[in-house]
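Below is one structure, written out as structure tokens; comments come after it.
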Amino acid sequence: MSAAAMGPGPVTARMKNDPLKNDPRYVSPTMLRVITWIMLAVGAVSAVVAIVLLVASVTGSPRTQDVPVQLTDGASTERATGYVAERATESGGDPGSSSATGAHTRQAGRSSFTAGNDGPVLSAADPTRPERLLNNGGAILLGATVAVGTLLLRPVLTSIAAGRPFGSGNSSRLNLLAAVTGSAAVLVPLLPQFAALLTLDRLGLFGTGSPFVMGLGLSLAPVVGLSVLLVVLAEAFRQGEKLHRDVEGLV
């Protein structure tokens with residue numbers, strides 16, 4: 001008996017239950033292509049900002065630079081402000097002195113401490129080039145990471161939009177993206193802290209009774225979580241690529 005004679009019931013039921021036909025899309029190919037172009041624009045802007053900051057850090061000569069600092073436990077903002085002012089009036093900071101200590105304390109006298117909304121900030125006089133590079137290094141590295149990340153992720157999204165999510169090289173791109181983002185997540189917050197250490201040392205603000213922290217701080221939980229997530233995703237794509245090659249070999 002033909003399918004027409006049996007009626008449309010069983011055939012229609014099988015078609016309705018076909019998982020390939022009923023599989024909903026989370027993101028349409030058109031939306032993925034739009035996202036890739038937005039990512040490309042964001043990456044380009046990030047690269048330009050990183051280059052501008054790098055050039056400004058190398059060639060610029062600002063009179064002061066705001067450096068984020070940390071206070072020791074129990075130290076108040078008033079104590080930090082007073083400590084910076086005291087350094088300008090100590091014996092080694094005689095305005096007529098030509099010694100290195102005198103120069104440092106005169107620079108400390110032209111510096112100031114404030115407690116802003118984003119945390120304690122030292123407005124340091126006459127920043128050196130390494131201090132400028134390190135202080136802006138976090139933003140420079142972040143911009144470069146976004147630019148590199150978009151270049152790595154865009155081909156992956158493009159292949160997904162084209163219906164080839166396990167195209168050759170996608171797993172390697174995701175694995176490299178994990179390494180890049182993991183490294184940036186460690187270095188971006190550390191670079192300004194190195195700048196703060198250099199600045200405080202140059203101004204002679206490390207000493208007995210200093211309210212400023214002489215060390216570095218970093219939370220590894222976000223770094224480890226992000227890196228592990230991307231590595232696991234890269235491994236899933238690698239196995240998908242292998243399965244895709246095996247299937248192609250059978251055809």
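Chain labels A, B, ... are given in the sequence in which chains occur in the structure tokens; within each chain residues are numbered consecutively from 1, and ligands are likewise numbered from 1 in the order shown.
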
Can you tell me, as a JSON list (two decimals) with N, CA and C atoms, in the first residue's frame, which residues in segment 10-226 of chain A count as alpha helix (DSSP H) by DSSP?
```json
[["chain", "number", "residue", "atom", "x", "y", "z"],
["A", 10, "PRO", "N", 0.81, 8.98, 9.57],
["A", 10, "PRO", "CA", 2.11, 8.49, 10.04],
["A", 10, "PRO", "C", 3.28, 9.24, 9.46],
["A", 11, "VAL", "N", 3.24, 9.56, 8.13],
["A", 11, "VAL", "CA", 4.34, 10.26, 7.49],
["A", 11, "VAL", "C", 4.48, 11.65, 8.07],
["A", 12, "THR", "N", 3.33, 12.34, 8.24],
["A", 12, "THR", "CA", 3.37, 13.69, 8.80],
["A", 12, "THR", "C", 3.91, 13.68, 10.22],
["A", 13, "ALA", "N", 3.53, 12.66, 10.99],
["A", 13, "ALA", "CA", 4.02, 12.56, 12.36],
["A", 13, "ALA", "C", 5.52, 12.38, 12.41],
["A", 14, "ARG", "N", 6.07, 11.55, 11.49],
["A", 14, "ARG", "CA", 7.52, 11.35, 11.46],
["A", 14, "ARG", "C", 8.24, 12.62, 11.07],
["A", 15, "MET", "N", 7.67, 13.39, 10.13],
["A", 15, "MET", "CA", 8.30, 14.64, 9.71],
["A", 15, "MET", "C", 8.28, 15.66, 10.85],
["A", 16, "LYS", "N", 7.18, 15.69, 11.60],
["A", 16, "LYS", "CA", 7.11, 16.64, 12.69],
["A", 16, "LYS", "C", 8.09, 16.30, 13.80],
["A", 19, "PRO", "N", 14.25, 15.60, 14.33],
["A", 19, "PRO", "CA", 15.01, 16.56, 15.13],
["A", 19, "PRO", "C", 15.76, 17.57, 14.30],
["A", 20, "LEU", "N", 16.15, 17.21, 13.08],
["A", 20, "LEU", "CA", 16.88, 18.14, 12.22],
["A", 20, "LEU", "C", 15.99, 19.28, 11.76],
["A", 21, "LYS", "N", 14.70, 18.98, 11.51],
["A", 21, "LYS", "CA", 13.80, 20.01, 11.05],
["A", 21, "LYS", "C", 13.27, 20.87, 12.21],
["A", 22, "ASN", "N", 13.19, 20.27, 13.41],
["A", 22, "ASN", "CA", 12.65, 21.00, 14.55],
["A", 22, "ASN", "C", 13.73, 21.62, 15.42],
["A", 29, "PRO", "N", 22.28, 32.96, 11.11],
["A", 29, "PRO", "CA", 23.51, 33.28, 10.38],
["A", 29, "PRO", "C", 23.66, 34.78, 10.11],
["A", 30, "THR", "N", 22.54, 35.45, 9.82],
["A", 30, "THR", "CA", 22.62, 36.89, 9.58],
["A", 30, "THR", "C", 23.09, 37.63, 10.81],
["A", 31, "MET", "N", 22.55, 37.26, 11.97],
["A", 31, "MET", "CA", 22.97, 37.90, 13.21],
["A", 31, "MET", "C", 24.44, 37.62, 13.51],
["A", 32, "LEU", "N", 24.90, 36.40, 13.23],
["A", 32, "LEU", "CA", 26.31, 36.08, 13.45],
["A", 32, "LEU", "C", 27.21, 36.93, 12.56],
["A", 33, "ARG", "N", 26.80, 37.14, 11.32],
["A", 33, "ARG", "CA", 27.61, 37.98, 10.42],
["A", 33, "ARG", "C", 27.64, 39.42, 10.91],
["A", 34, "VAL", "N", 26.50, 39.91, 11.42],
["A", 34, "VAL", "CA", 26.47, 41.26, 11.97],
["A", 34, "VAL", "C", 27.42, 41.36, 13.17],
["A", 35, "ILE", "N", 27.39, 40.34, 14.02],
["A", 35, "ILE", "CA", 28.26, 40.33, 15.19],
["A", 35, "ILE", "C", 29.73, 40.34, 14.78],
["A", 36, "THR", "N", 30.07, 39.59, 13.72],
["A", 36, "THR", "CA", 31.47, 39.56, 13.29],
["A", 36, "THR", "C", 31.93, 40.93, 12.80],
["A", 37, "TRP", "N", 31.06, 41.65, 12.12],
["A", 37, "TRP", "CA", 31.43, 42.99, 11.65],
["A", 37, "TRP", "C", 31.55, 43.97, 12.81],
["A", 38, "ILE", "N", 30.67, 43.83, 13.80],
["A", 38, "ILE", "CA", 30.77, 44.68, 15.00],
["A", 38, "ILE", "C", 32.08, 44.39, 15.74],
["A", 39, "MET", "N", 32.40, 43.10, 15.84],
["A", 39, "MET", "CA", 33.65, 42.71, 16.49],
["A", 39, "MET", "C", 34.85, 43.29, 15.75],
["A", 40, "LEU", "N", 34.80, 43.26, 14.44],
["A", 40, "LEU", "CA", 35.90, 43.80, 13.64],
["A", 40, "LEU", "C", 36.08, 45.29, 13.91],
["A", 41, "ALA", "N", 34.96, 46.02, 14.01],
["A", 41, "ALA", "CA", 35.04, 47.46, 14.28],
["A", 41, "ALA", "C", 35.59, 47.71, 15.69],
["A", 42, "VAL", "N", 35.11, 46.93, 16.66],
["A", 42, "VAL", "CA", 35.60, 47.09, 18.03],
["A", 42, "VAL", "C", 37.10, 46.77, 18.11],
["A", 43, "GLY", "N", 37.52, 45.72, 17.41],
["A", 43, "GLY", "CA", 38.93, 45.37, 17.41],
["A", 43, "GLY", "C", 39.80, 46.45, 16.79],
["A", 44, "ALA", "N", 39.31, 47.05, 15.70],
["A", 44, "ALA", "CA", 40.07, 48.12, 15.04],
["A", 44, "ALA", "C", 40.20, 49.34, 15.96],
["A", 45, "VAL", "N", 39.10, 49.72, 16.60],
["A", 45, "VAL", "CA", 39.13, 50.86, 17.53],
["A", 45, "VAL", "C", 40.08, 50.57, 18.69],
["A", 46, "SER", "N", 40.01, 49.36, 19.23],
["A", 46, "SER", "CA", 40.88, 48.98, 20.35],
["A", 46, "SER", "C", 42.35, 49.04, 19.95],
["A", 47, "ALA", "N", 42.66, 48.59, 18.75],
["A", 47, "ALA", "CA", 44.04, 48.63, 18.28],
["A", 47, "ALA", "C", 44.53, 50.07, 18.14],
["A", 48, "VAL", "N", 43.69, 50.94, 17.62],
["A", 48, "VAL", "CA", 44.06, 52.36, 17.46],
["A", 48, "VAL", "C", 44.29, 53.00, 18.82],
["A", 49, "VAL", "N", 43.40, 52.74, 19.77],
["A", 49, "VAL", "CA", 43.55, 53.30, 21.11],
["A", 49, "VAL", "C", 44.85, 52.81, 21.76],
["A", 50, "ALA", "N", 45.15, 51.52, 21.61],
["A", 50, "ALA", "CA", 46.37, 50.98, 22.18],
["A", 50, "ALA", "C", 47.61, 51.64, 21.57],
["A", 51, "ILE", "N", 47.60, 51.86, 20.27],
["A", 51, "ILE", "CA", 48.75, 52.49, 19.60],
["A", 51, "ILE", "C", 48.90, 53.93, 20.06],
["A", 52, "VAL", "N", 47.79, 54.66, 20.16],
["A", 52, "VAL", "CA", 47.84, 56.06, 20.60],
["A", 52, "VAL", "C", 48.39, 56.16, 22.02],
["A", 53, "LEU", "N", 47.93, 55.29, 22.91],
["A", 53, "LEU", "CA", 48.43, 55.29, 24.28],
["A", 53, "LEU", "C", 49.91, 54.93, 24.34],
["A", 54, "LEU", "N", 50.32, 53.98, 23.51],
["A", 54, "LEU", "CA", 51.73, 53.58, 23.50],
["A", 54, "LEU", "C", 52.61, 54.74, 23.04],
["A", 55, "VAL", "N", 52.21, 55.41, 21.97],
["A", 55, "VAL", "CA", 52.99, 56.55, 21.46],
["A", 55, "VAL", "C", 53.03, 57.67, 22.49],
["A", 56, "ALA", "N", 51.88, 57.94, 23.12],
["A", 56, "ALA", "CA", 51.83, 59.00, 24.13],
["A", 56, "ALA", "C", 52.71, 58.67, 25.33],
["A", 57, "SER", "N", 52.76, 57.39, 25.70],
["A", 57, "SER", "CA", 53.57, 56.99, 26.85],
["A", 57, "SER", "C", 55.06, 57.12, 26.56],
["A", 58, "VAL", "N", 55.44, 56.88, 25.31],
["A", 58, "VAL", "CA", 56.86, 56.92, 24.94],
["A", 58, "VAL", "C", 57.32, 58.34, 24.68],
["A", 59, "THR", "N", 56.51, 59.14, 23.98],
["A", 59, "THR", "CA", 56.94, 60.46, 23.55],
["A", 59, "THR", "C", 56.44, 61.60, 24.44],
["A", 77, "THR", "N", 43.20, 58.04, 54.69],
["A", 77, "THR", "CA", 43.57, 58.95, 53.60],
["A", 77, "THR", "C", 44.26, 60.20, 54.14],
["A", 78, "GLU", "N", 43.86, 60.64, 55.32],
["A", 78, "GLU", "CA", 44.50, 61.81, 55.92],
["A", 78, "GLU", "C", 45.97, 61.53, 56.23],
["A", 79, "ARG", "N", 46.24, 60.31, 56.71],
["A", 79, "ARG", "CA", 47.62, 59.93, 57.01],
["A", 79, "ARG", "C", 48.44, 59.89, 55.73],
["A", 80, "ALA", "N", 47.88, 59.35, 54.66],
["A", 80, "ALA", "CA", 48.61, 59.27, 53.40],
["A", 80, "ALA", "C", 48.88, 60.67, 52.84],
["A", 81, "THR", "N", 47.88, 61.56, 52.93],
["A", 81, "THR", "CA", 48.06, 62.93, 52.45],
["A", 81, "THR", "C", 49.14, 63.63, 53.25],
["A", 82, "GLY", "N", 49.11, 63.44, 54.57],
["A", 82, "GLY", "CA", 50.12, 64.07, 55.41],
["A", 82, "GLY", "C", 51.51, 63.51, 55.18],
["A", 83, "TYR", "N", 51.61, 62.21, 54.91],
["A", 83, "TYR", "CA", 52.92, 61.59, 54.69],
["A", 83, "TYR", "C", 53.56, 62.14, 53.42],
["A", 84, "VAL", "N", 52.76, 62.31, 52.37],
["A", 84, "VAL", "CA", 53.30, 62.88, 51.13],
["A", 84, "VAL", "C", 53.80, 64.29, 51.38],
["A", 85, "ALA", "N", 53.05, 65.08, 52.16],
["A", 85, "ALA", "CA", 53.46, 66.46, 52.44],
["A", 85, "ALA", "C", 54.70, 66.49, 53.32],
["A", 86, "GLU", "N", 54.81, 65.55, 54.24],
["A", 86, "GLU", "CA", 55.96, 65.53, 55.14],
["A", 86, "GLU", "C", 57.26, 65.30, 54.39],
["A", 100, "ALA", "N", 70.17, 63.23, 45.18],
["A", 100, "ALA", "CA", 69.05, 62.47, 44.64],
["A", 100, "ALA", "C", 67.89, 62.47, 45.63],
["A", 101, "THR", "N", 68.22, 62.36, 46.93],
["A", 101, "THR", "CA", 67.16, 62.38, 47.93],
["A", 101, "THR", "C", 66.43, 63.70, 47.92],
["A", 102, "GLY", "N", 67.18, 64.78, 47.79],
["A", 102, "GLY", "CA", 66.54, 66.08, 47.74],
["A", 102, "GLY", "C", 65.64, 66.22, 46.53],
["A", 103, "ALA", "N", 66.09, 65.72, 45.38],
["A", 103, "ALA", "CA", 65.26, 65.79, 44.17],
["A", 103, "ALA", "C", 64.00, 64.98, 44.34],
["A", 104, "HIS", "N", 64.12, 63.81, 44.96],
["A", 104, "HIS", "CA", 62.96, 62.95, 45.15],
["A", 104, "HIS", "C", 61.93, 63.62, 46.05],
["A", 105, "THR", "N", 62.39, 64.23, 47.14],
["A", 105, "THR", "CA", 61.44, 64.83, 48.05],
["A", 105, "THR", "C", 60.84, 66.10, 47.48],
["A", 106, "ARG", "N", 61.60, 66.82, 46.65],
["A", 106, "ARG", "CA", 60.99, 67.99, 45.99],
["A", 106, "ARG", "C", 59.89, 67.53, 45.05],
["A", 107, "GLN", "N", 60.13, 66.41, 44.35],
["A", 107, "GLN", "CA", 59.08, 65.86, 43.49],
["A", 107, "GLN", "C", 57.90, 65.39, 44.32],
["A", 108, "ALA", "N", 58.17, 64.81, 45.49],
["A", 108, "ALA", "CA", 57.08, 64.40, 46.37],
["A", 108, "ALA", "C", 56.28, 65.61, 46.83],
["A", 109, "GLY", "N", 56.98, 66.73, 47.04],
["A", 109, "GLY", "CA", 56.27, 67.93, 47.45],
["A", 109, "GLY", "C", 55.35, 68.46, 46.38],
["A", 129, "ARG", "N", 59.64, 57.69, 31.87],
["A", 129, "ARG", "CA", 59.07, 56.93, 30.75],
["A", 129, "ARG", "C", 58.66, 55.52, 31.17],
["A", 130, "PRO", "N", 59.49, 54.77, 31.92],
["A", 130, "PRO", "CA", 59.01, 53.45, 32.38],
["A", 130, "PRO", "C", 57.75, 53.53, 33.21],
["A", 131, "GLU", "N", 57.65, 54.56, 34.05],
["A", 131, "GLU", "CA", 56.43, 54.71, 34.85],
["A", 131, "GLU", "C", 55.22, 54.97, 33.97],
["A", 132, "ARG", "N", 55.39, 55.80, 32.95],
["A", 132, "ARG", "CA", 54.27, 56.08, 32.04],
["A", 132, "ARG", "C", 53.86, 54.83, 31.28],
["A", 133, "LEU", "N", 54.86, 54.07, 30.81],
["A", 133, "LEU", "CA", 54.56, 52.86, 30.05],
["A", 133, "LEU", "C", 53.84, 51.83, 30.92],
["A", 134, "LEU", "N", 54.32, 51.65, 32.14],
["A", 134, "LEU", "CA", 53.69, 50.67, 33.02],
["A", 134, "LEU", "C", 52.30, 51.11, 33.46],
["A", 135, "ASN", "N", 52.16, 52.40, 33.75],
["A", 135, "ASN", "CA", 50.86, 52.89, 34.21],
["A", 135, "ASN", "C", 49.80, 52.78, 33.12],
["A", 136, "ASN", "N", 50.19, 53.04, 31.88],
["A", 136, "ASN", "CA", 49.27, 52.89, 30.75],
["A", 136, "ASN", "C", 49.32, 51.49, 30.15],
["A", 137, "GLY", "N", 50.24, 50.66, 30.66],
["A", 137, "GLY", "CA", 50.43, 49.34, 30.07],
["A", 137, "GLY", "C", 49.20, 48.47, 30.15],
["A", 138, "GLY", "N", 48.43, 48.61, 31.24],
["A", 138, "GLY", "CA", 47.22, 47.81, 31.37],
["A", 138, "GLY", "C", 46.23, 48.11, 30.26],
["A", 139, "ALA", "N", 46.00, 49.41, 30.02],
["A", 139, "ALA", "CA", 45.06, 49.81, 28.96],
["A", 139, "ALA", "C", 45.61, 49.45, 27.58],
["A", 140, "ILE", "N", 46.92, 49.61, 27.39],
["A", 140, "ILE", "CA", 47.54, 49.26, 26.10],
["A", 140, "ILE", "C", 47.39, 47.77, 25.83],
["A", 141, "LEU", "N", 47.71, 46.97, 26.83],
["A", 141, "LEU", "CA", 47.61, 45.52, 26.66],
["A", 141, "LEU", "C", 46.17, 45.07, 26.49],
["A", 142, "LEU", "N", 45.24, 45.72, 27.19],
["A", 142, "LEU", "CA", 43.83, 45.38, 27.05],
["A", 142, "LEU", "C", 43.35, 45.66, 25.63],
["A", 143, "GLY", "N", 43.72, 46.82, 25.08],
["A", 143, "GLY", "CA", 43.33, 47.14, 23.71],
["A", 143, "GLY", "C", 43.92, 46.16, 22.71],
["A", 144, "ALA", "N", 45.21, 45.82, 22.91],
["A", 144, "ALA", "CA", 45.84, 44.85, 22.01],
["A", 144, "ALA", "C", 45.19, 43.48, 22.12],
["A", 145, "THR", "N", 44.81, 43.10, 23.33],
["A", 145, "THR", "CA", 44.17, 41.79, 23.53],
["A", 145, "THR", "C", 42.81, 41.73, 22.85],
["A", 146, "VAL", "N", 42.04, 42.81, 22.96],
["A", 146, "VAL", "CA", 40.73, 42.85, 22.29],
["A", 146, "VAL", "C", 40.92, 42.76, 20.78],
["A", 147, "ALA", "N", 41.92, 43.48, 20.25],
["A", 147, "ALA", "CA", 42.16, 43.43, 18.81],
["A", 147, "ALA", "C", 42.55, 42.03, 18.35],
["A", 148, "VAL", "N", 43.48, 41.40, 19.07],
["A", 148, "VAL", "CA", 43.90, 40.04, 18.71],
["A", 148, "VAL", "C", 42.75, 39.05, 18.90],
["A", 149, "GLY", "N", 41.99, 39.24, 19.98],
["A", 149, "GLY", "CA", 40.87, 38.33, 20.24],
["A", 149, "GLY", "C", 39.83, 38.37, 19.14],
["A", 150, "THR", "N", 39.54, 39.56, 18.62],
["A", 150, "THR", "CA", 38.56, 39.66, 17.52],
["A", 150, "THR", "C", 39.08, 38.99, 16.26],
["A", 151, "LEU", "N", 40.38, 39.11, 16.01],
["A", 151, "LEU", "CA", 40.95, 38.46, 14.83],
["A", 151, "LEU", "C", 40.89, 36.93, 14.95],
["A", 152, "LEU", "N", 41.03, 36.42, 16.17],
["A", 152, "LEU", "CA", 40.97, 34.98, 16.38],
["A", 152, "LEU", "C", 39.54, 34.46, 16.38],
["A", 153, "LEU", "N", 38.62, 35.24, 16.96],
["A", 153, "LEU", "CA", 37.25, 34.76, 17.12],
["A", 153, "LEU", "C", 36.40, 34.98, 15.88],
["A", 154, "ARG", "N", 36.72, 35.98, 15.08],
["A", 154, "ARG", "CA", 35.88, 36.28, 13.91],
["A", 154, "ARG", "C", 35.81, 35.12, 12.92],
["A", 155, "PRO", "N", 36.93, 34.45, 12.56],
["A", 155, "PRO", "CA", 36.81, 33.29, 11.65],
["A", 155, "PRO", "C", 35.97, 32.16, 12.22],
["A", 156, "VAL", "N", 35.99, 32.00, 13.54],
["A", 156, "VAL", "CA", 35.18, 30.95, 14.16],
["A", 156, "VAL", "C", 33.69, 31.25, 13.97],
["A", 157, "LEU", "N", 33.30, 32.49, 14.24],
["A", 157, "LEU", "CA", 31.89, 32.87, 14.08],
["A", 157, "LEU", "C", 31.48, 32.84, 12.61],
["A", 158, "THR", "N", 32.39, 33.21, 11.72],
["A", 158, "THR", "CA", 32.08, 33.19, 10.29],
["A", 158, "THR", "C", 31.82, 31.77, 9.81],
["A", 159, "SER", "N", 32.62, 30.82, 10.28],
["A", 159, "SER", "CA", 32.42, 29.42, 9.87],
["A", 159, "SER", "C", 31.13, 28.86, 10.47],
["A", 160, "ILE", "N", 30.78, 29.29, 11.68],
["A", 160, "ILE", "CA", 29.51, 28.85, 12.28],
["A", 160, "ILE", "C", 28.34, 29.40, 11.47],
["A", 161, "ALA", "N", 28.43, 30.65, 11.06],
["A", 161, "ALA", "CA", 27.36, 31.25, 10.25],
["A", 161, "ALA", "C", 27.22, 30.53, 8.92],
["A", 170, "ASN", "N", 39.66, 26.09, 13.81],
["A", 170, "ASN", "CA", 38.87, 26.76, 14.83],
["A", 170, "ASN", "C", 39.32, 26.39, 16.24],
["A", 171, "SER", "N", 39.65, 25.13, 16.47],
["A", 171, "SER", "CA", 40.10, 24.72, 17.80],
["A", 171, "SER", "C", 41.42, 25.38, 18.16],
["A", 172, "SER", "N", 42.31, 25.50, 17.18],
["A", 172, "SER", "CA", 43.60, 26.15, 17.44],
["A", 172, "SER", "C", 43.41, 27.62, 17.76],
["A", 173, "ARG", "N", 42.48, 28.26, 17.07],
["A", 173, "ARG", "CA", 42.20, 29.68, 17.34],
["A", 173, "ARG", "C", 41.67, 29.86, 18.76],
["A", 174, "LEU", "N", 40.76, 29.00, 19.17],
["A", 174, "LEU", "CA", 40.20, 29.11, 20.52],
["A", 174, "LEU", "C", 41.25, 28.81, 21.58],
["A", 175, "ASN", "N", 42.12, 27.86, 21.31],
["A", 175, "ASN", "CA", 43.19, 27.54, 22.26],
["A", 175, "ASN", "C", 44.15, 28.71, 22.40],
["A", 176, "LEU", "N", 44.49, 29.36, 21.27],
["A", 176, "LEU", "CA", 45.36, 30.53, 21.32],
["A", 176, "LEU", "C", 44.65, 31.69, 22.02],
["A", 177, "LEU", "N", 43.35, 31.82, 21.79],
["A", 177, "LEU", "CA", 42.57, 32.85, 22.46],
["A", 177, "LEU", "C", 42.60, 32.66, 23.97],
["A", 178, "ALA", "N", 42.56, 31.41, 24.43],
["A", 178, "ALA", "CA", 42.64, 31.13, 25.86],
["A", 178, "ALA", "C", 43.98, 31.59, 26.43],
["A", 179, "ALA", "N", 45.06, 31.34, 25.69],
["A", 179, "ALA", "CA", 46.38, 31.76, 26.16],
["A", 179, "ALA", "C", 46.51, 33.28, 26.19],
["A", 180, "VAL", "N", 45.99, 33.93, 25.15],
["A", 180, "VAL", "CA", 46.09, 35.40, 25.08],
["A", 180, "VAL", "C", 45.29, 36.06, 26.18],
["A", 181, "THR", "N", 44.03, 35.65, 26.35],
["A", 181, "THR", "CA", 43.19, 36.26, 27.36],
["A", 181, "THR", "C", 43.67, 35.94, 28.77],
["A", 182, "GLY", "N", 44.16, 34.72, 28.98],
["A", 182, "GLY", "CA", 44.68, 34.36, 30.29],
["A", 182, "GLY", "C", 45.90, 35.20, 30.67],
["A", 183, "SER", "N", 46.81, 35.38, 29.72],
["A", 183, "SER", "CA", 47.99, 36.20, 29.98],
["A", 183, "SER", "C", 47.60, 37.66, 30.25],
["A", 184, "ALA", "N", 46.68, 38.17, 29.45],
["A", 184, "ALA", "CA", 46.24, 39.56, 29.63],
["A", 184, "ALA", "C", 45.54, 39.75, 30.96],
["A", 185, "ALA", "N", 44.75, 38.75, 31.38],
["A", 185, "ALA", "CA", 44.03, 38.86, 32.65],
["A", 185, "ALA", "C", 44.99, 38.96, 33.82],
["A", 186, "VAL", "N", 46.19, 38.38, 33.67],
["A", 186, "VAL", "CA", 47.20, 38.48, 34.73],
["A", 186, "VAL", "C", 47.94, 39.80, 34.65],
["A", 187, "LEU", "N", 48.35, 40.21, 33.45],
["A", 187, "LEU", "CA", 49.23, 41.36, 33.30],
["A", 187, "LEU", "C", 48.50, 42.70, 33.38],
["A", 188, "VAL", "N", 47.27, 42.77, 32.89],
["A", 188, "VAL", "CA", 46.55, 44.05, 32.86],
["A", 188, "VAL", "C", 46.45, 44.69, 34.24],
["A", 189, "PRO", "N", 46.04, 43.96, 35.29],
["A", 189, "PRO", "CA", 45.99, 44.60, 36.61],
["A", 189, "PRO", "C", 47.36, 44.77, 37.26],
["A", 190, "LEU", "N", 48.37, 43.99, 36.84],
["A", 190, "LEU", "CA", 49.68, 44.05, 37.49],
["A", 190, "LEU", "C", 50.52, 45.22, 37.00],
["A", 191, "LEU", "N", 50.43, 45.58, 35.73],
["A", 191, "LEU", "CA", 51.29, 46.63, 35.19],
["A", 191, "LEU", "C", 51.14, 47.96, 35.91],
["A", 192, "PRO", "N", 49.91, 48.46, 36.16],
["A", 192, "PRO", "CA", 49.80, 49.70, 36.93],
["A", 192, "PRO", "C", 50.36, 49.58, 38.34],
["A", 193, "GLN", "N", 50.30, 48.39, 38.93],
["A", 193, "GLN", "CA", 50.86, 48.21, 40.26],
["A", 193, "GLN", "C", 52.38, 48.32, 40.24],
["A", 194, "PHE", "N", 53.01, 47.81, 39.17],
["A", 194, "PHE", "CA", 54.45, 48.00, 39.01],
["A", 194, "PHE", "C", 54.78, 49.48, 38.86],
["A", 195, "ALA", "N", 53.94, 50.20, 38.12],
["A", 195, "ALA", "CA", 54.14, 51.64, 37.98],
["A", 195, "ALA", "C", 54.06, 52.34, 39.32],
["A", 196, "ALA", "N", 53.12, 51.91, 40.16],
["A", 196, "ALA", "CA", 52.98, 52.51, 41.49],
["A", 196, "ALA", "C", 54.22, 52.25, 42.33],
["A", 197, "LEU", "N", 54.77, 51.03, 42.26],
["A", 197, "LEU", "CA", 55.97, 50.72, 43.04],
["A", 197, "LEU", "C", 57.14, 51.58, 42.59],
["A", 198, "LEU", "N", 57.34, 51.72, 41.28],
["A", 198, "LEU", "CA", 58.43, 52.56, 40.78],
["A", 198, "LEU", "C", 58.24, 54.01, 41.21],
["A", 199, "THR", "N", 57.01, 54.49, 41.12],
["A", 199, "THR", "CA", 56.73, 55.89, 41.45],
["A", 199, "THR", "C", 56.97, 56.17, 42.93],
["A", 200, "LEU", "N", 56.43, 55.31, 43.78],
["A", 200, "LEU", "CA", 56.59, 55.50, 45.22],
["A", 200, "LEU", "C", 58.06, 55.43, 45.62],
["A", 201, "ASP", "N", 58.82, 54.52, 44.99],
["A", 201, "ASP", "CA", 60.25, 54.42, 45.29],
["A", 201, "ASP", "C", 60.99, 55.66, 44.82],
["A", 202, "ARG", "N", 60.66, 56.17, 43.64],
["A", 202, "ARG", "CA", 61.35, 57.36, 43.11],
["A", 202, "ARG", "C", 61.07, 58.58, 43.98],
["A", 221, "ALA", "N", 41.27, 33.74, 40.53],
["A", 221, "ALA", "CA", 40.03, 33.00, 40.25],
["A", 221, "ALA", "C", 39.45, 33.35, 38.87],
["A", 222, "PRO", "N", 39.28, 34.63, 38.51],
["A", 222, "PRO", "CA", 38.75, 34.93, 37.17],
["A", 222, "PRO", "C", 39.68, 34.47, 36.05],
["A", 223, "VAL", "N", 40.99, 34.57, 36.29],
["A", 223, "VAL", "CA", 41.96, 34.16, 35.27],
["A", 223, "VAL", "C", 41.84, 32.68, 34.98],
["A", 224, "VAL", "N", 41.85, 31.88, 36.05],
["A", 224, "VAL", "CA", 41.78, 30.42, 35.89],
["A", 224, "VAL", "C", 40.44, 30.02, 35.28],
["A", 225, "GLY", "N", 39.35, 30.64, 35.76],
["A", 225, "GLY", "CA", 38.02, 30.29, 35.24],
["A", 225, "GLY", "C", 37.89, 30.56, 33.76],
["A", 226, "LEU", "N", 38.32, 31.75, 33.32],
["A", 226, "LEU", "CA", 38.21, 32.10, 31.91],
["A", 226, "LEU", "C", 39.09, 31.22, 31.04]]
```

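Separating atom CA of Pro165 of chain A from atom CA of Tyr26 of chain A is a distance of 13.8 Å.
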
Exercise. Contacts of Glu241 of chain A at 10 Å or less, counting only C-alpha atoms, minus same-chain residues fewer than 3 places along, as a PyMOL selection string?
Worked result: chain A and resi 164-171+235-238+244-247

For this session: To one decimal in Å, tell me the separation between atom CA of Gly74 of chain A and atom CA of Asp118 of chain A.
Result: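 Computed distance, atom CA of Gly74 of chain A to atom CA of Asp118 of chain A, equals 18.7 Å.
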
Problem set entry | Backbone DSSP call of strand (DSSP E) for segment 42-206 of chain A, listed as a ChimeraX atom specification | /A:64-68,112-116,119-125
